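What follows is run16.tsv (TSV, C-alpha atoms and all ligand atoms).
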```tsv
chain	number	residue	atom	x	y	z
I	15	MET	CA	53.89	31.52	81.76
I	16	SER	CA	53.15	27.77	81.98
I	17	THR	CA	53.09	25.77	78.78
I	18	ILE	CA	49.80	24.58	77.33
I	19	ALA	CA	49.84	20.97	76.11
I	20	LEU	CA	47.22	18.89	74.29
I	21	ARG	CA	46.30	15.22	74.63
I	22	PRO	CA	43.38	12.98	73.65
I	23	TYR	CA	40.37	12.65	75.99
I	24	LEU	CA	40.28	9.76	78.48
I	25	PRO	CA	37.05	8.50	80.11
I	26	THR	CA	38.51	9.44	83.53
I	27	ASP	CA	38.48	13.12	82.41
I	28	THR	CA	34.69	13.25	82.22
I	29	ARG	CA	33.92	14.77	85.62
I	30	VAL	CA	36.59	17.47	85.46
I	31	LEU	CA	35.57	18.40	81.90
I	32	ALA	CA	31.93	18.75	83.03
I	33	ASP	CA	33.14	21.06	85.82
I	34	ILE	CA	35.14	23.10	83.29
I	35	ALA	CA	32.09	23.41	81.00
I	36	ARG	CA	29.80	24.52	83.84
I	37	ASP	CA	32.37	27.01	85.23
I	38	ALA	CA	33.08	28.41	81.74
I	39	ILE	CA	29.37	28.94	81.06
I	40	GLU	CA	28.79	30.50	84.47
I	41	GLN	CA	31.84	32.78	84.55
I	42	LEU	CA	32.79	33.51	80.92
I	43	ALA	CA	29.44	33.74	79.11
I	44	GLY	CA	27.69	36.14	81.53
I	45	GLU	CA	27.95	39.15	79.22
I	46	ASP	CA	26.18	37.31	76.40
I	47	TYR	CA	23.58	35.05	78.08
I	48	SER	CA	21.22	35.64	81.02
I	49	ASP	CA	21.39	33.75	84.32
I	50	ALA	CA	18.43	31.58	83.23
I	51	GLN	CA	20.00	30.85	79.83
I	52	ARG	CA	23.33	29.88	81.44
I	53	ALA	CA	21.54	27.65	83.95
I	54	VAL	CA	19.82	25.54	81.24
I	55	TRP	CA	22.98	25.51	79.13
I	56	SER	CA	25.18	24.19	81.95
I	57	ALA	CA	22.53	21.69	83.08
I	58	GLY	CA	23.24	19.93	79.78
I	59	TYR	CA	26.48	18.67	81.36
I	60	ASP	CA	24.96	17.21	84.53
I	61	ASP	CA	24.34	13.69	83.15
I	62	GLU	CA	27.85	12.22	83.39
I	63	ALA	CA	27.13	9.03	81.42
I	64	ASP	CA	25.55	11.01	78.58
I	65	PHE	CA	28.47	13.48	78.56
I	66	ALA	CA	31.05	10.65	78.55
I	67	GLN	CA	29.25	9.08	75.59
I	68	ARG	CA	29.33	12.39	73.70
I	69	LEU	CA	33.02	13.03	74.45
I	70	GLY	CA	34.03	9.46	73.60
I	71	SER	CA	32.11	9.33	70.34
I	72	GLN	CA	33.87	12.45	69.03
I	73	LEU	CA	37.50	13.42	68.46
I	74	THR	CA	37.99	15.16	71.81
I	75	LEU	CA	41.19	16.98	72.76
I	76	VAL	CA	42.05	18.07	76.30
I	77	ALA	CA	44.31	21.07	76.98
I	78	THR	CA	46.48	20.89	80.08
I	79	ILE	CA	48.71	23.27	82.02
I	80	GLY	CA	51.11	21.60	84.43
I	81	GLY	CA	49.28	18.31	83.83
I	82	ALA	CA	45.87	19.67	84.91
I	83	ALA	CA	43.00	19.90	82.40
I	84	VAL	CA	42.16	23.54	81.60
I	85	GLY	CA	40.00	23.16	78.50
I	86	PHE	CA	38.67	20.83	75.83
I	87	ALA	CA	37.29	20.79	72.33
I	88	SER	CA	35.68	18.16	70.13
I	89	LEU	CA	35.12	17.40	66.47
I	90	ALA	CA	31.84	15.69	65.59
I	91	GLY	CA	32.10	13.68	62.39
I	92	LYS	CA	34.58	15.08	59.86
I	93	ASN	CA	33.46	18.66	59.73
I	94	HIS	CA	31.82	20.09	62.85
I	95	ILE	CA	33.37	21.59	65.99
I	96	ASP	CA	30.90	20.60	68.71
I	97	LEU	CA	32.34	21.41	72.17
I	98	LEU	CA	34.78	24.16	73.21
I	99	TYR	CA	35.23	25.20	76.84
I	100	VAL	CA	38.05	26.76	78.83
I	101	GLU	CA	38.48	26.88	82.61
I	102	PRO	CA	37.92	30.54	83.61
I	103	ARG	CA	41.26	30.87	85.44
I	104	ALA	CA	43.03	29.87	82.20
I	105	ALA	CA	40.95	32.15	79.93
I	106	ARG	CA	42.51	34.59	77.44
I	107	ARG	CA	45.82	32.71	77.41
I	108	GLY	CA	45.37	31.05	74.04
I	109	VAL	CA	43.98	27.70	75.26
I	110	ALA	CA	40.93	27.75	72.95
I	111	THR	CA	43.08	28.99	70.08
I	112	MET	CA	45.44	26.02	70.50
I	113	LEU	CA	42.53	23.56	70.69
I	114	VAL	CA	40.78	24.91	67.59
I	115	ASP	CA	44.06	25.11	65.68
I	116	ALA	CA	44.71	21.41	66.42
I	117	LEU	CA	41.16	20.39	65.40
I	118	GLU	CA	41.54	22.31	62.14
I	119	LYS	CA	44.83	20.53	61.37
I	120	LEU	CA	43.47	17.09	62.30
I	121	ALA	CA	40.32	17.62	60.26
I	122	ALA	CA	42.35	18.76	57.25
I	123	ALA	CA	44.67	15.76	57.59
I	124	ARG	CA	41.60	13.51	57.58
I	125	GLY	CA	40.45	15.04	54.34
I	126	ALA	CA	37.90	17.61	55.54
I	127	ALA	CA	37.56	20.51	53.13
I	128	ARG	CA	35.78	22.75	55.62
I	129	LEU	CA	34.78	23.08	59.27
I	130	THR	CA	31.57	24.43	60.75
I	131	VAL	CA	30.74	25.51	64.28
I	132	ASP	CA	27.60	26.81	65.99
I	133	ALA	CA	29.52	29.53	67.82
I	134	SER	CA	28.21	31.00	71.05
I	135	ASP	CA	28.18	34.80	71.15
I	136	THR	CA	31.11	34.49	73.60
I	137	ALA	CA	33.17	32.38	71.20
I	138	LYS	CA	32.26	34.26	67.99
I	139	PRO	CA	35.14	36.80	68.21
I	140	LEU	CA	37.60	33.91	68.42
I	141	PHE	CA	36.17	32.25	65.30
I	142	ASP	CA	35.94	35.62	63.50
I	143	ALA	CA	39.65	36.11	64.20
I	144	ARG	CA	40.43	32.63	62.82
I	145	GLY	CA	38.75	33.35	59.50
I	146	TYR	CA	35.38	31.65	60.03
I	147	ALA	CA	32.52	33.29	58.09
I	148	ALA	CA	29.08	33.69	59.65
I	149	GLU	CA	26.44	31.75	57.68
I	150	ARG	CA	23.29	32.16	59.78
I	151	ARG	CA	21.96	33.16	63.21
I	152	ASN	CA	20.18	30.41	65.17
I	153	SER	CA	17.85	30.48	68.13
I	154	VAL	CA	18.03	27.14	69.93
I	155	PRO	CA	15.34	26.01	72.42
I	156	LEU	CA	16.79	24.64	75.66
I	157	GLY	CA	14.50	23.95	78.60
I	158	ASP	CA	12.30	27.05	78.92
I	159	GLU	CA	14.89	29.29	77.25
I	160	TRP	CA	16.04	30.19	73.73
I	161	LEU	CA	19.80	30.56	73.20
I	162	ALA	CA	21.30	32.34	70.21
I	163	ASN	CA	24.36	31.16	68.32
I	164	THR	CA	25.88	31.65	64.87
I	165	THR	CA	26.67	28.90	62.38
I	166	MET	CA	30.12	29.72	60.99
I	167	ARG	CA	32.26	28.05	58.35
I	168	LYS	CA	35.91	27.96	57.36
I	169	ASP	CA	37.46	26.35	54.30
I	170	LEU	CA	40.56	24.33	55.23
I	171	GLU	CA	43.87	23.91	53.48
I	172	LYS	CA	44.93	20.31	52.95
I	173	ARG	CA	47.89	19.43	55.23
I	174	PRO	CA	49.54	16.51	57.08
I	175	ALA	CA	48.45	15.54	60.63
I	176	PRO	CA	50.21	17.24	63.57
I	177	LYS	CA	52.83	15.05	65.30
I	178	GLY	CA	51.60	12.72	68.04
I	179	VAL	CA	47.90	12.93	67.18
I	180	SER	CA	46.11	11.06	64.43
S	1	LIG	C1	35.06	31.09	74.15
S	1	LIG	C2	36.15	30.44	74.99
S	1	LIG	C3	36.29	28.97	74.64
S	1	LIG	C4	37.48	31.18	74.65
S	1	LIG	O1	38.56	30.54	75.36
S	1	LIG	P1	39.98	31.26	75.60
S	1	LIG	O2	40.98	30.20	75.88
S	1	LIG	O3	39.82	32.33	76.61
S	1	LIG	O4	40.27	31.92	74.18
S	1	LIG	P2	41.69	32.44	73.63
S	1	LIG	O5	42.56	32.86	74.78
S	1	LIG	O6	42.25	31.42	72.71
S	1	LIG	O7	41.21	33.73	72.81
S	1	LIG	C5	41.69	34.03	71.53
S	1	LIG	C6	41.01	35.28	71.02
S	1	LIG	O8	39.60	35.08	70.89
S	1	LIG	C7	38.92	36.29	71.29
S	1	LIG	N1	38.18	36.06	72.53
S	1	LIG	C8	38.25	34.97	73.34
S	1	LIG	N2	37.38	35.12	74.40
S	1	LIG	C9	36.76	36.30	74.21
S	1	LIG	C10	35.76	37.01	74.94
S	1	LIG	N3	35.22	36.52	76.08
S	1	LIG	N4	35.36	38.20	74.46
S	1	LIG	C11	35.91	38.74	73.34
S	1	LIG	N5	36.86	38.11	72.60
S	1	LIG	C12	37.27	36.91	73.03
S	1	LIG	C13	40.00	37.34	71.48
S	1	LIG	O9	40.26	37.91	70.22
S	1	LIG	C14	41.16	36.48	71.93
S	1	LIG	O10	42.41	37.07	71.71
S	1	LIG	P3	43.04	38.07	72.82
S	1	LIG	O11	42.90	37.40	74.17
S	1	LIG	O12	44.47	38.23	72.37
S	1	LIG	O13	42.23	39.33	72.74
S	1	LIG	C15	35.87	30.63	76.52
S	1	LIG	O14	35.59	31.98	76.76
S	1	LIG	C16	34.68	29.81	77.01
S	1	LIG	O15	34.83	28.66	77.46
S	1	LIG	N6	33.47	30.44	77.00
S	1	LIG	C17	32.26	29.86	77.56
S	1	LIG	C18	31.76	28.67	76.77
S	1	LIG	C19	31.58	28.96	75.29
S	1	LIG	O16	31.04	29.97	74.88
S	1	LIG	N7	32.04	27.99	74.48
S	1	LIG	C20	31.99	28.07	73.05
S	1	LIG	C21	30.93	27.18	72.46
S	1	LIG	S1	30.91	27.32	70.67
```

Is it possible to express this structure as structure tokens?
Amino acid sequence: MSTIALRPYLPTDTRVLADIARDAIEQLAGEDYSDAQRAVWSAGYDDEADFAQRLGSQLTLVATIGGAAVGFASLAGKNHIDLLYVEPRAARRGVATMLVDALEKLAAARGAARLTVDASDTAKPLFDARGYAAERRNSVPLGDEWLANTTMRKDLEKRPAPKGVS
């Protein structure tokens, strides 16, 4: 099995990360969200300049296999996991786990005592397994649709930053 590596986001990644987000929503979230819900969700990644601004303003990590981007995750501020998407062909191989693990370690090293995430129904089992506790159900208006997610929270242990990332 090929090795998964992590690196910081570069502005030149923007288009491929938007493709990963749209493909992940379309192909991995189909059991949890309707076609119409997935369409408005993925349309949120169509404005490249807006997406680049969001990625660049957060601590964004890109996961690669053989040098190609296969997923990404971002930390907004000190405490909130904002984005988490994995290329469908690389799903269920631990890519999201590695990304979230790195964000948890970086956040802890920066002094965060806890992390929150508004987890999609697709991602909730992953956060359950990592010890996040559900705090509330949300229904978020997007276009003409309402999308459900769950605000979850995990208390972090204080620890030094992982090597190579700060
Ligand atoms: C959620 C998502 C990021 C998971 O990525 P991934 O790289 O496949 O996740 P991992 O391989 O690290 O999964 C780790 C564990 O999480 C759970 N898990 C992950 N995806 C799951 C799914 N679709 N259904 C049920 N459990 C799942 C499993 O326990 C899995 O362990 P296992 O494969 O040994 O059973 C990916 O499915 C995705 O991009 N989904 C669409 C977009 C989305 O919902 N993003 C989250 C926004 S908060």

*Kindly provide, as a list in words, all nucleotide and amino acid residues lying within 6 Å of ligand LIG 1 (chain S), counting all atoms listed in the file.*
Ala38, Ile39, Leu42, Ala43, Leu97, Leu98, Tyr99, Val100, Ala105, Arg106, Arg107, Gly108, Val109, Ala110, Thr111, Asp132, Ala133, Ser134, Thr136, Ala137, Pro139 and Leu140 of chain I

*Taking (45.8, 20.8, 83.7) in the file's coordinates, which residues come within 12 Å, counting only C-alpha atoms, written as a ChimeraX atom specification?*
/I:16-21,27,30-31,34,76-86,100-101,103-104,109

*asked:* Report, in Å to a single decimal, how far apart atom CA of I:Thr74 and atom CA of I:Val131 are.
replied: 14.7 Å

*Any idea what the distance is between atom CA of I:Leu24 and atom CA of I:Ser56?*
21.2 Å

*Tell me, as a list in words, which residues lie within 8 Å of I:Arg124, counting all atoms listed in the file; anything in the same chain fewer than 2 positions away does not count.*
Lys92, Leu120, Ala121, Ala122, Ala126 and Ala175 of chain I

*Please measure the separation of atom CA of I:Gln51 and atom CA of I:Arg151, giving the value in Å to one decimal.*
16.9 Å

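With all atoms listed in the file as the atoms that count, the residue of I:His94, I:Arg128, I:Arg68, I:Lys168 with the shortest distance to I:Pro25 is I:Arg68.
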
Complete stretch 38-49 of chain I at the level of all heavy atoms, written as a CSV table (one decimal), in the coordinates of the input.
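This went into part-v8.csv:
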```
chain,number,residue,atom,x,y,z
I,38,ALA,N,32.9,27.5,82.9
I,38,ALA,CA,33.1,28.4,81.7
I,38,ALA,C,31.8,29.1,81.4
I,38,ALA,O,31.7,30.3,81.2
I,38,ALA,CB,33.6,27.6,80.5
I,39,ILE,N,30.7,28.3,81.4
I,39,ILE,CA,29.4,28.9,81.1
I,39,ILE,C,29.0,30.0,82.1
I,39,ILE,O,28.6,31.1,81.8
I,39,ILE,CB,28.3,27.8,81.0
I,39,ILE,CG1,28.6,26.9,79.8
I,39,ILE,CG2,26.9,28.4,80.9
I,39,ILE,CD1,27.8,25.6,79.8
I,40,GLU,N,29.2,29.6,83.4
I,40,GLU,CA,28.8,30.5,84.5
I,40,GLU,C,29.6,31.8,84.5
I,40,GLU,O,29.1,32.9,84.6
I,40,GLU,CB,28.9,29.7,85.8
I,40,GLU,CG,28.5,30.5,87.0
I,40,GLU,CD,27.1,31.1,86.9
I,40,GLU,OE1,26.2,30.4,86.3
I,40,GLU,OE2,26.9,32.2,87.4
I,41,GLN,N,31.0,31.6,84.3
I,41,GLN,CA,31.8,32.8,84.6
I,41,GLN,C,32.3,33.5,83.3
I,41,GLN,O,32.7,34.7,83.4
I,41,GLN,CB,33.1,32.3,85.3
I,41,GLN,CG,32.7,31.8,86.7
I,41,GLN,CD,33.9,31.2,87.4
I,41,GLN,OE1,35.0,31.8,87.4
I,41,GLN,NE2,33.7,30.1,88.1
I,42,LEU,N,32.3,32.9,82.1
I,42,LEU,CA,32.8,33.5,80.9
I,42,LEU,C,31.7,34.0,80.0
I,42,LEU,O,32.0,34.8,79.1
I,42,LEU,CB,33.8,32.6,80.2
I,42,LEU,CG,35.0,32.1,81.0
I,42,LEU,CD1,35.8,31.1,80.2
I,42,LEU,CD2,35.8,33.4,81.4
I,43,ALA,N,30.5,33.4,80.1
I,43,ALA,CA,29.4,33.7,79.1
I,43,ALA,C,28.4,34.7,79.7
I,43,ALA,O,27.4,35.0,79.0
I,43,ALA,CB,28.8,32.4,78.6
I,44,GLY,N,28.7,35.3,80.8
I,44,GLY,CA,27.7,36.1,81.5
I,44,GLY,C,27.4,37.4,80.8
I,44,GLY,O,26.3,38.0,81.0
I,45,GLU,N,28.3,37.9,79.9
I,45,GLU,CA,28.0,39.2,79.2
I,45,GLU,C,27.0,38.9,78.0
I,45,GLU,O,26.4,39.8,77.5
I,45,GLU,CB,29.2,39.8,78.7
I,45,GLU,CG,30.0,40.5,79.8
I,45,GLU,CD,31.2,41.2,79.2
I,45,GLU,OE1,31.3,41.5,78.0
I,45,GLU,OE2,32.1,41.5,80.1
I,46,ASP,N,26.9,37.6,77.6
I,46,ASP,CA,26.2,37.3,76.4
I,46,ASP,C,24.9,36.6,76.7
I,46,ASP,O,24.0,36.5,75.8
I,46,ASP,CB,27.1,36.5,75.5
I,46,ASP,CG,28.4,37.2,75.2
I,46,ASP,OD1,28.4,38.3,74.6
I,46,ASP,OD2,29.5,36.6,75.5
I,47,TYR,N,24.8,35.9,77.8
I,47,TYR,CA,23.6,35.0,78.1
I,47,TYR,C,23.1,35.3,79.5
I,47,TYR,O,23.9,35.6,80.4
I,47,TYR,CB,23.9,33.6,77.9
I,47,TYR,CG,24.4,33.2,76.5
I,47,TYR,CD1,25.7,33.3,76.1
I,47,TYR,CD2,23.4,32.9,75.5
I,47,TYR,CE1,26.1,33.0,74.8
I,47,TYR,CE2,23.8,32.7,74.2
I,47,TYR,CZ,25.2,32.7,73.9
I,47,TYR,OH,25.6,32.5,72.6
I,48,SER,N,21.8,35.3,79.7
I,48,SER,CA,21.2,35.6,81.0
I,48,SER,C,21.5,34.5,82.0
I,48,SER,O,21.9,33.4,81.6
I,48,SER,CB,19.7,35.8,80.9
I,48,SER,OG,19.1,34.6,80.6
I,49,ASP,N,21.2,34.8,83.3
I,49,ASP,CA,21.4,33.8,84.3
I,49,ASP,C,20.6,32.5,84.0
I,49,ASP,O,21.0,31.4,84.1
I,49,ASP,CB,20.9,34.3,85.7
I,49,ASP,CG,21.9,35.3,86.2
I,49,ASP,OD1,22.9,35.6,85.6
I,49,ASP,OD2,21.5,35.9,87.3
```
